[in-house]
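Student: my_file_30.cif is the file, holding mmCIF, C-alpha atoms:
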```cif
data_model
#
loop_
_atom_site.label_atom_id
_atom_site.label_comp_id
_atom_site.auth_asym_id
_atom_site.auth_seq_id
_atom_site.Cartn_x
_atom_site.Cartn_y
_atom_site.Cartn_z
CA GLU A 1 37.51 -54.17 -39.68
CA TRP A 2 39.32 -53.63 -43.00
CA ASP A 3 42.28 -51.40 -43.89
CA ILE A 4 40.20 -49.73 -46.63
CA PRO A 5 36.44 -49.45 -45.98
CA HIS A 6 35.48 -50.28 -49.57
CA VAL A 7 31.79 -50.85 -48.81
CA GLU A 8 31.29 -47.52 -47.02
CA LEU A 9 33.18 -45.69 -49.76
CA ALA A 10 30.99 -47.30 -52.42
CA ILE A 11 27.72 -46.46 -50.63
CA PHE A 12 28.45 -43.15 -48.91
CA GLY A 13 31.51 -41.84 -50.71
CA THR A 14 33.17 -41.59 -47.30
CA ALA A 15 33.82 -43.65 -44.19
CA GLU A 16 33.29 -40.71 -41.81
CA PRO A 17 31.00 -42.06 -39.04
CA ALA A 18 29.19 -38.74 -38.53
CA HIS A 19 28.28 -38.57 -42.23
CA ILE A 20 26.96 -42.13 -42.19
CA ALA A 21 24.98 -41.44 -39.01
CA ARG A 22 23.39 -38.34 -40.58
CA GLN A 23 22.40 -40.35 -43.65
CA ILE A 24 20.71 -43.00 -41.49
CA GLU A 25 18.95 -40.30 -39.44
CA THR A 26 17.73 -38.45 -42.54
CA THR A 27 16.40 -41.66 -44.09
CA CYS A 28 14.54 -42.74 -40.95
CA LEU A 29 12.97 -39.28 -40.64
CA ALA A 30 11.87 -39.25 -44.27
CA ALA A 31 10.52 -42.79 -44.34
CA LEU A 32 9.23 -43.36 -40.79
CA HIS A 33 8.91 -39.78 -39.46
CA SER A 34 11.01 -40.55 -36.38
CA PRO A 35 14.74 -40.02 -35.71
CA PRO A 36 17.08 -42.66 -34.24
CA ILE A 37 17.92 -42.20 -30.59
CA GLU A 38 20.02 -45.33 -30.02
CA VAL A 39 22.30 -47.51 -32.16
CA LEU A 40 21.76 -51.25 -31.66
CA PHE A 41 24.45 -52.49 -34.06
CA TYR A 42 26.32 -51.67 -37.28
CA GLN A 43 28.12 -54.02 -39.68
CA SER A 44 29.55 -54.08 -43.21
CA SER A 45 29.72 -56.96 -45.68
CA VAL A 46 28.17 -56.91 -49.14
CA GLY A 47 26.38 -53.77 -47.95
CA THR A 48 25.99 -52.04 -44.61
CA VAL A 49 23.35 -52.79 -41.99
CA ALA A 50 22.44 -50.66 -38.99
CA GLY A 51 20.01 -51.48 -36.22
CA VAL A 52 18.54 -48.41 -34.51
CA LYS A 53 15.86 -47.52 -31.97
CA LEU A 54 13.67 -44.62 -33.03
CA ALA A 55 12.20 -41.88 -30.87
CA SER A 56 8.81 -43.50 -31.48
CA GLY A 57 10.08 -46.59 -29.63
CA GLN A 58 10.17 -48.69 -32.80
CA ARG A 59 13.33 -50.70 -33.50
CA VAL A 60 14.30 -50.99 -37.16
CA VAL A 61 17.11 -52.18 -39.41
CA VAL A 62 18.44 -50.01 -42.23
CA LYS A 63 20.06 -52.13 -44.98
CA ALA A 64 22.14 -50.14 -47.46
CA HIS A 65 23.19 -51.54 -50.84
CA GLN A 66 26.01 -50.55 -53.16
CA PRO A 67 25.20 -48.70 -56.42
CA SER A 68 25.89 -51.91 -58.37
CA THR A 69 22.61 -53.33 -57.01
CA THR A 70 19.78 -51.88 -59.07
CA ARG A 71 16.60 -50.43 -57.62
CA GLU A 72 14.60 -52.85 -59.80
CA HIS A 73 16.36 -55.83 -58.24
CA LEU A 74 15.78 -54.53 -54.72
CA ALA A 75 12.10 -53.87 -55.45
CA GLU A 76 11.65 -57.48 -56.50
CA VAL A 77 13.52 -58.70 -53.41
CA VAL A 78 11.17 -56.63 -51.26
CA ARG A 79 8.14 -58.10 -53.03
CA LEU A 80 9.32 -61.68 -52.54
CA GLN A 81 10.49 -61.06 -48.96
CA SER A 82 7.07 -59.64 -48.11
CA ILE A 83 5.44 -62.84 -49.34
CA ILE A 84 7.74 -64.95 -47.16
CA ALA A 85 7.16 -62.69 -44.16
CA ALA A 86 3.38 -62.89 -44.52
CA LYS A 87 3.09 -66.61 -45.26
CA LEU A 88 5.96 -68.14 -43.31
CA GLY A 89 7.25 -65.58 -40.84
CA LEU A 90 10.79 -66.45 -41.95
CA ALA A 91 11.71 -62.90 -42.94
CA PRO A 92 11.29 -59.49 -41.29
CA LYS A 93 8.55 -57.18 -42.53
CA VAL A 94 9.76 -54.46 -44.90
CA LEU A 95 8.71 -51.01 -43.64
CA ALA A 96 10.07 -48.81 -46.43
CA GLY A 97 12.12 -48.89 -49.60
CA PRO A 98 13.97 -49.37 -51.71
CA MET A 99 14.82 -45.67 -51.59
CA PRO A 100 17.85 -43.54 -52.49
CA PHE A 101 20.54 -43.80 -49.84
CA GLY A 102 23.93 -42.17 -50.30
CA LEU A 103 25.19 -43.34 -53.68
CA GLY A 104 23.13 -46.52 -53.50
CA ALA A 105 19.76 -47.56 -52.10
CA ALA A 106 18.33 -48.71 -48.78
CA ILE A 107 15.55 -50.83 -47.37
CA ILE A 108 14.17 -50.43 -43.84
CA GLU A 109 12.88 -53.53 -42.05
CA GLU A 110 11.42 -54.26 -38.66
CA PHE A 111 14.00 -55.40 -36.10
CA VAL A 112 13.31 -59.03 -35.23
CA GLU A 113 15.07 -60.61 -32.28
CA ARG A 114 13.85 -64.03 -31.31
CA GLY A 115 15.21 -67.51 -30.75
CA SER A 116 18.77 -68.26 -29.71
CA ILE A 117 22.18 -68.72 -31.34
CA ARG A 118 22.92 -72.40 -31.93
CA ASN A 119 25.74 -74.51 -33.35
CA GLY A 120 25.18 -74.87 -37.10
CA HIS A 121 26.97 -78.22 -37.05
CA ASP A 122 24.33 -79.69 -34.75
CA ALA A 123 22.22 -82.18 -36.70
CA ALA A 124 18.92 -80.76 -35.45
CA VAL A 125 19.94 -77.22 -36.36
CA ARG A 126 21.09 -78.27 -39.83
CA ALA A 127 17.81 -80.09 -40.36
CA GLY A 128 15.94 -76.95 -39.30
CA LEU A 129 17.91 -74.83 -41.77
CA ALA A 130 17.22 -77.30 -44.57
CA LEU A 131 13.50 -77.41 -43.79
CA ALA A 132 13.29 -73.62 -43.67
CA LEU A 133 15.10 -73.23 -47.00
CA HIS A 134 12.77 -75.81 -48.57
CA ALA A 135 9.79 -73.91 -47.18
CA VAL A 136 11.06 -70.67 -48.74
CA VAL A 137 11.56 -72.32 -52.14
CA GLU A 138 8.09 -73.87 -52.09
CA CYS A 139 6.49 -70.64 -50.88
CA LEU A 140 7.89 -68.77 -53.89
CA SER A 141 7.40 -71.53 -56.46
CA ALA A 142 4.38 -69.78 -57.97
CA GLU A 143 6.39 -66.56 -58.41
CA TYR A 144 9.16 -67.94 -60.60
CA GLN A 145 7.56 -67.41 -64.00
CA THR A 146 6.77 -63.74 -63.39
CA SER A 147 9.70 -62.77 -61.15
CA ALA A 148 12.03 -59.99 -62.29
CA LEU A 149 15.01 -61.62 -60.57
CA GLN A 150 17.92 -62.45 -62.85
CA PRO A 151 19.35 -66.02 -63.06
CA GLY A 152 21.73 -66.93 -60.25
CA LEU A 153 24.25 -69.55 -59.16
CA VAL A 154 25.11 -72.00 -61.98
CA LEU A 155 23.05 -70.00 -64.47
CA ASP A 156 25.02 -66.75 -64.17
CA ARG A 157 28.55 -68.05 -64.68
CA PRO A 158 30.71 -65.74 -66.83
CA ARG A 159 31.43 -66.88 -70.38
CA ASP A 160 34.88 -65.28 -70.46
CA GLY A 161 36.26 -66.51 -67.14
CA LEU A 162 35.92 -68.83 -64.19
CA TRP A 163 34.50 -66.43 -61.60
CA PRO A 164 31.76 -63.80 -61.76
CA ARG A 165 32.63 -60.24 -60.87
CA PRO A 166 33.16 -59.97 -57.08
CA HIS A 167 30.56 -57.97 -55.20
CA SER A 168 33.20 -55.91 -53.45
CA LYS A 169 36.71 -54.53 -53.96
CA LEU A 170 37.62 -56.55 -50.87
CA PHE A 171 38.05 -59.48 -53.23
CA ASP A 172 40.75 -59.32 -55.90
CA PHE A 173 41.08 -62.77 -57.42
CA ASP A 174 43.77 -61.75 -59.91
CA ALA A 175 46.01 -60.31 -57.21
CA THR A 176 45.58 -63.30 -54.90
CA THR A 177 46.10 -66.12 -57.40
CA GLN A 178 49.45 -67.25 -56.01
CA GLY A 179 48.92 -70.04 -53.51
CA ALA A 180 45.28 -70.42 -54.47
CA GLU A 181 45.74 -72.18 -57.82
CA TYR A 182 44.16 -75.36 -56.47
CA ILE A 183 40.92 -73.46 -55.81
CA ASP A 184 40.72 -72.45 -59.47
CA GLU A 185 41.49 -76.02 -60.53
CA LEU A 186 38.70 -77.45 -58.37
CA ALA A 187 36.30 -74.73 -59.49
CA ALA A 188 37.07 -75.43 -63.16
CA GLN A 189 36.35 -79.13 -62.66
CA ALA A 190 33.13 -78.40 -60.84
CA SER A 191 32.05 -75.81 -63.41
CA ALA A 192 32.51 -78.27 -66.25
CA ARG A 193 30.15 -80.73 -64.53
CA MET A 194 27.49 -78.29 -63.33
CA VAL A 195 24.51 -78.52 -65.64
CA PRO A 196 21.11 -77.27 -64.40
CA VAL A 197 18.59 -80.09 -63.94
CA GLY A 198 15.12 -80.33 -62.48
CA ARG A 199 12.79 -77.38 -62.10
CA ALA A 200 13.92 -73.78 -61.89
CA VAL A 201 13.12 -72.13 -58.55
CA ILE A 202 13.69 -68.99 -56.53
CA GLY A 203 16.10 -69.90 -53.76
CA HIS A 204 18.68 -68.22 -51.54
CA ALA A 205 22.30 -67.91 -52.66
CA ASP A 206 23.75 -67.15 -49.21
CA TRP A 207 21.86 -69.46 -46.86
CA ARG A 208 24.30 -70.27 -44.07
CA ALA A 209 24.50 -71.59 -40.56
CA GLU A 210 24.13 -68.47 -38.42
#
```
Starting from the coordinates I provided, produce the structure as structure tokens.

Tutor:
Amino acid sequence: EWDIPHVELAIFGTAEPAHIARQIETTCLAALHSPPIEVLFYQSSVGTVAGVKLASGQRVVVKAHQPSTTREHLAEVVRLQSIIAAKLGLAPKVLAGPMPFGLGAAIIEEFVERGSIRNGHDAAVRAGLALALHAVVECLSAEYQTSALQPGLVLDRPRDGLWPRPHSKLFDFDATTQGAEYIDELAAQASARMVPVGRAVIGHADWRAE
């Protein structure tokens, strides 16, 4: 979807579809002892995600992360996700990983397809999202003191600038400043007023209406 496939280049060193397919096949064979026989979907964003059906009949999702995401971070995400999956059913079960994948690392999850797509602006849907996020926070409240996750959101703001380092080369704030000055002005005002209050928790930095 982009002129330069920055995410694929960061993870695989190439955007050649056959190379990416071989990497997914090799990983599924090594971790689950079954090769993919059908592609369900493939997308790129912060990382890449591929849904595949295996020869065993199992449907799985292979999530690949860029090298900038450490294996230690992913291992902690897997641990916390497994707690949510077991206690709340609000996350897919992790089947394998994190494991080496291209230049980065990957996690394999069960493919979960249930429910229906709804309008995130609908009041009932928004209430459901809020309740689910609250449930996740409360479920992990006992894990905060011992979690290996690093501080996020207002606690990880850079000391030498307004914005943290973007997660992808798709975003170049310096090159796109013209016409967006008002965004920096609003962000500077907000940043000056954002002081952490209340209890520290493990949350979700990208919880959105999808």

Student: Selection in question (the file shown): the PyMOL selection byres ((chain A and resi 47-56) around 8). Which residues does it include, as a list in words?

Tutor: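 Taken over the shown coordinates, the PyMOL selection byres ((chain A and resi 47-56) around 8) returns Val7, Glu8, Ile11, Ser34, Pro35, Pro36, Ile37, Glu38, Val39, Leu40, Phe41, Tyr42, Gln43, Ser44, Ser45, Val46, Gly57, Gln58, Arg59, Val60, Val61, Val62, Lys63, Ala64, His65, Gln66 and Phe111 of chain A.
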
Student: Using the chain letters and numbers from this file, what does the PyMOL selection byres ((chain A and resi 24) around 9) select? Give the answer as an NGL selection string.

Tutor: :A and (19-23 or 25-29 or 35-36 or 50 or 62 or 101)

Student: Considering only C-alpha atoms, return as a list in words whatever protein or nucleic-acid residues lie within 12 Å of Ala130 in chain A, sequence-local ones (same chain, fewer than 2 positions apart) excluded.

Tutor: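 These residues fall inside the cut-off: Gly120, Ala123, Ala124, Val125, Arg126, Ala127, Gly128, Ala132, Leu133, His134, Ala135, Val136, Val137, Gly203, His204, Trp207, Arg208 and Ala209 of chain A.
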
Student: Considering all atoms listed in the file, return as a ChimeraX atom specification whatever protein or nucleic-acid residues lie within 10 Å of Cys139 in chain A, sequence-local ones (same chain, fewer than 6 positions apart) excluded.

Tutor: /A:80,83-84,87-88,133,202

Student: So how many Å separate CA of Gln150 in chain A and CA of Arg193 in chain A, to one decimal?

Tutor: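 The value is 22.1 Å.
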
Student: Select, counting all atoms listed in the file, all protein, DNA and RNA residues no farther than 9 Å from (12.7, -72.6, -60.3) in file coordinates, and express the selection as a count of residues only.

Tutor: 12

Student: Can you give me all heavy atoms for range 53-64 of chain A, written as a PDB file, keeping the file's coordinate frame?

Tutor:
```
ATOM      1  N   LYS A  53      17.129 -47.746 -32.664  1.00  0.00           N
ATOM      2  CA  LYS A  53      15.860 -47.520 -31.970  1.00  0.00           C
ATOM      3  C   LYS A  53      15.434 -46.101 -32.263  1.00  0.00           C
ATOM      4  O   LYS A  53      16.229 -45.155 -32.133  1.00  0.00           O
ATOM      5  CB  LYS A  53      16.032 -47.714 -30.457  1.00  0.00           C
ATOM      6  CG  LYS A  53      14.745 -47.511 -29.675  1.00  0.00           C
ATOM      7  CD  LYS A  53      14.962 -47.742 -28.182  1.00  0.00           C
ATOM      8  CE  LYS A  53      13.682 -47.519 -27.391  1.00  0.00           C
ATOM      9  NZ  LYS A  53      13.892 -47.714 -25.933  1.00  0.00           N
ATOM     10  N   LEU A  54      14.181 -45.933 -32.675  1.00  0.00           N
ATOM     11  CA  LEU A  54      13.670 -44.620 -33.030  1.00  0.00           C
ATOM     12  C   LEU A  54      13.028 -43.937 -31.835  1.00  0.00           C
ATOM     13  O   LEU A  54      12.702 -44.589 -30.829  1.00  0.00           O
ATOM     14  CB  LEU A  54      12.639 -44.751 -34.161  1.00  0.00           C
ATOM     15  CG  LEU A  54      13.104 -45.467 -35.429  1.00  0.00           C
ATOM     16  CD1 LEU A  54      11.973 -45.511 -36.448  1.00  0.00           C
ATOM     17  CD2 LEU A  54      14.342 -44.817 -36.013  1.00  0.00           C
ATOM     18  N   ALA A  55      12.832 -42.635 -31.942  1.00  0.00           N
ATOM     19  CA  ALA A  55      12.200 -41.880 -30.870  1.00  0.00           C
ATOM     20  C   ALA A  55      10.779 -42.372 -30.610  1.00  0.00           C
ATOM     21  O   ALA A  55      10.267 -42.257 -29.494  1.00  0.00           O
ATOM     22  CB  ALA A  55      12.172 -40.391 -31.244  1.00  0.00           C
ATOM     23  N   SER A  56      10.160 -42.956 -31.625  1.00  0.00           N
ATOM     24  CA  SER A  56       8.810 -43.500 -31.480  1.00  0.00           C
ATOM     25  C   SER A  56       8.791 -44.781 -30.649  1.00  0.00           C
ATOM     26  O   SER A  56       7.722 -45.272 -30.274  1.00  0.00           O
ATOM     27  CB  SER A  56       8.225 -43.800 -32.860  1.00  0.00           C
ATOM     28  OG  SER A  56       8.988 -44.809 -33.520  1.00  0.00           O
ATOM     29  N   GLY A  57       9.972 -45.339 -30.360  1.00  0.00           N
ATOM     30  CA  GLY A  57      10.080 -46.590 -29.630  1.00  0.00           C
ATOM     31  C   GLY A  57      10.256 -47.786 -30.541  1.00  0.00           C
ATOM     32  O   GLY A  57      10.605 -48.882 -30.079  1.00  0.00           O
ATOM     33  N   GLN A  58      10.032 -47.602 -31.832  1.00  0.00           N
ATOM     34  CA  GLN A  58      10.170 -48.690 -32.800  1.00  0.00           C
ATOM     35  C   GLN A  58      11.645 -49.005 -33.026  1.00  0.00           C
ATOM     36  O   GLN A  58      12.496 -48.111 -33.066  1.00  0.00           O
ATOM     37  CB  GLN A  58       9.512 -48.277 -34.113  1.00  0.00           C
ATOM     38  CG  GLN A  58       9.423 -49.373 -35.152  1.00  0.00           C
ATOM     39  CD  GLN A  58       8.674 -48.900 -36.385  1.00  0.00           C
ATOM     40  OE1 GLN A  58       8.586 -47.705 -36.668  1.00  0.00           O
ATOM     41  NE2 GLN A  58       8.106 -49.827 -37.141  1.00  0.00           N
ATOM     42  N   ARG A  59      11.968 -50.279 -33.182  1.00  0.00           N
ATOM     43  CA  ARG A  59      13.330 -50.700 -33.500  1.00  0.00           C
ATOM     44  C   ARG A  59      13.341 -51.203 -34.939  1.00  0.00           C
ATOM     45  O   ARG A  59      12.529 -52.054 -35.313  1.00  0.00           O
ATOM     46  CB  ARG A  59      13.809 -51.787 -32.539  1.00  0.00           C
ATOM     47  CG  ARG A  59      13.838 -51.335 -31.085  1.00  0.00           C
ATOM     48  CD  ARG A  59      14.661 -52.261 -30.212  1.00  0.00           C
ATOM     49  NE  ARG A  59      14.149 -53.615 -30.232  1.00  0.00           N
ATOM     50  CZ  ARG A  59      14.791 -54.655 -29.686  1.00  0.00           C
ATOM     51  NH1 ARG A  59      15.953 -54.465 -29.088  1.00  0.00           N
ATOM     52  NH2 ARG A  59      14.265 -55.868 -29.736  1.00  0.00           N
ATOM     53  N   VAL A  60      14.273 -50.670 -35.738  1.00  0.00           N
ATOM     54  CA  VAL A  60      14.300 -50.990 -37.160  1.00  0.00           C
ATOM     55  C   VAL A  60      15.718 -51.294 -37.607  1.00  0.00           C
ATOM     56  O   VAL A  60      16.694 -51.001 -36.902  1.00  0.00           O
ATOM     57  CB  VAL A  60      13.730 -49.835 -38.015  1.00  0.00           C
ATOM     58  CG1 VAL A  60      12.302 -49.518 -37.593  1.00  0.00           C
ATOM     59  CG2 VAL A  60      14.606 -48.591 -37.922  1.00  0.00           C
ATOM     60  N   VAL A  61      15.819 -51.870 -38.796  1.00  0.00           N
ATOM     61  CA  VAL A  61      17.110 -52.180 -39.410  1.00  0.00           C
ATOM     62  C   VAL A  61      17.171 -51.490 -40.763  1.00  0.00           C
ATOM     63  O   VAL A  61      16.275 -51.642 -41.589  1.00  0.00           O
ATOM     64  CB  VAL A  61      17.278 -53.707 -39.595  1.00  0.00           C
ATOM     65  CG1 VAL A  61      18.568 -54.010 -40.351  1.00  0.00           C
ATOM     66  CG2 VAL A  61      17.285 -54.404 -38.240  1.00  0.00           C
ATOM     67  N   VAL A  62      18.237 -50.711 -40.966  1.00  0.00           N
ATOM     68  CA  VAL A  62      18.440 -50.010 -42.230  1.00  0.00           C
ATOM     69  C   VAL A  62      19.525 -50.757 -43.009  1.00  0.00           C
ATOM     70  O   VAL A  62      20.688 -50.781 -42.607  1.00  0.00           O
ATOM     71  CB  VAL A  62      18.878 -48.548 -42.005  1.00  0.00           C
ATOM     72  CG1 VAL A  62      19.068 -47.833 -43.344  1.00  0.00           C
ATOM     73  CG2 VAL A  62      17.861 -47.819 -41.133  1.00  0.00           C
ATOM     74  N   LYS A  63      19.125 -51.374 -44.132  1.00  0.00           N
ATOM     75  CA  LYS A  63      20.060 -52.130 -44.980  1.00  0.00           C
ATOM     76  C   LYS A  63      20.400 -51.285 -46.196  1.00  0.00           C
ATOM     77  O   LYS A  63      19.529 -50.943 -46.987  1.00  0.00           O
ATOM     78  CB  LYS A  63      19.440 -53.453 -45.413  1.00  0.00           C
ATOM     79  CG  LYS A  63      19.280 -54.462 -44.294  1.00  0.00           C
ATOM     80  CD  LYS A  63      18.771 -55.795 -44.838  1.00  0.00           C
ATOM     81  CE  LYS A  63      18.713 -56.847 -43.745  1.00  0.00           C
ATOM     82  NZ  LYS A  63      18.212 -58.144 -44.270  1.00  0.00           N
ATOM     83  N   ALA A  64      21.688 -50.960 -46.341  1.00  0.00           N
ATOM     84  CA  ALA A  64      22.140 -50.140 -47.460  1.00  0.00           C
ATOM     85  C   ALA A  64      22.873 -51.005 -48.476  1.00  0.00           C
ATOM     86  O   ALA A  64      23.670 -51.873 -48.114  1.00  0.00           O
ATOM     87  CB  ALA A  64      23.062 -49.027 -46.969  1.00  0.00           C
TER      88      ALA A  64
END
```
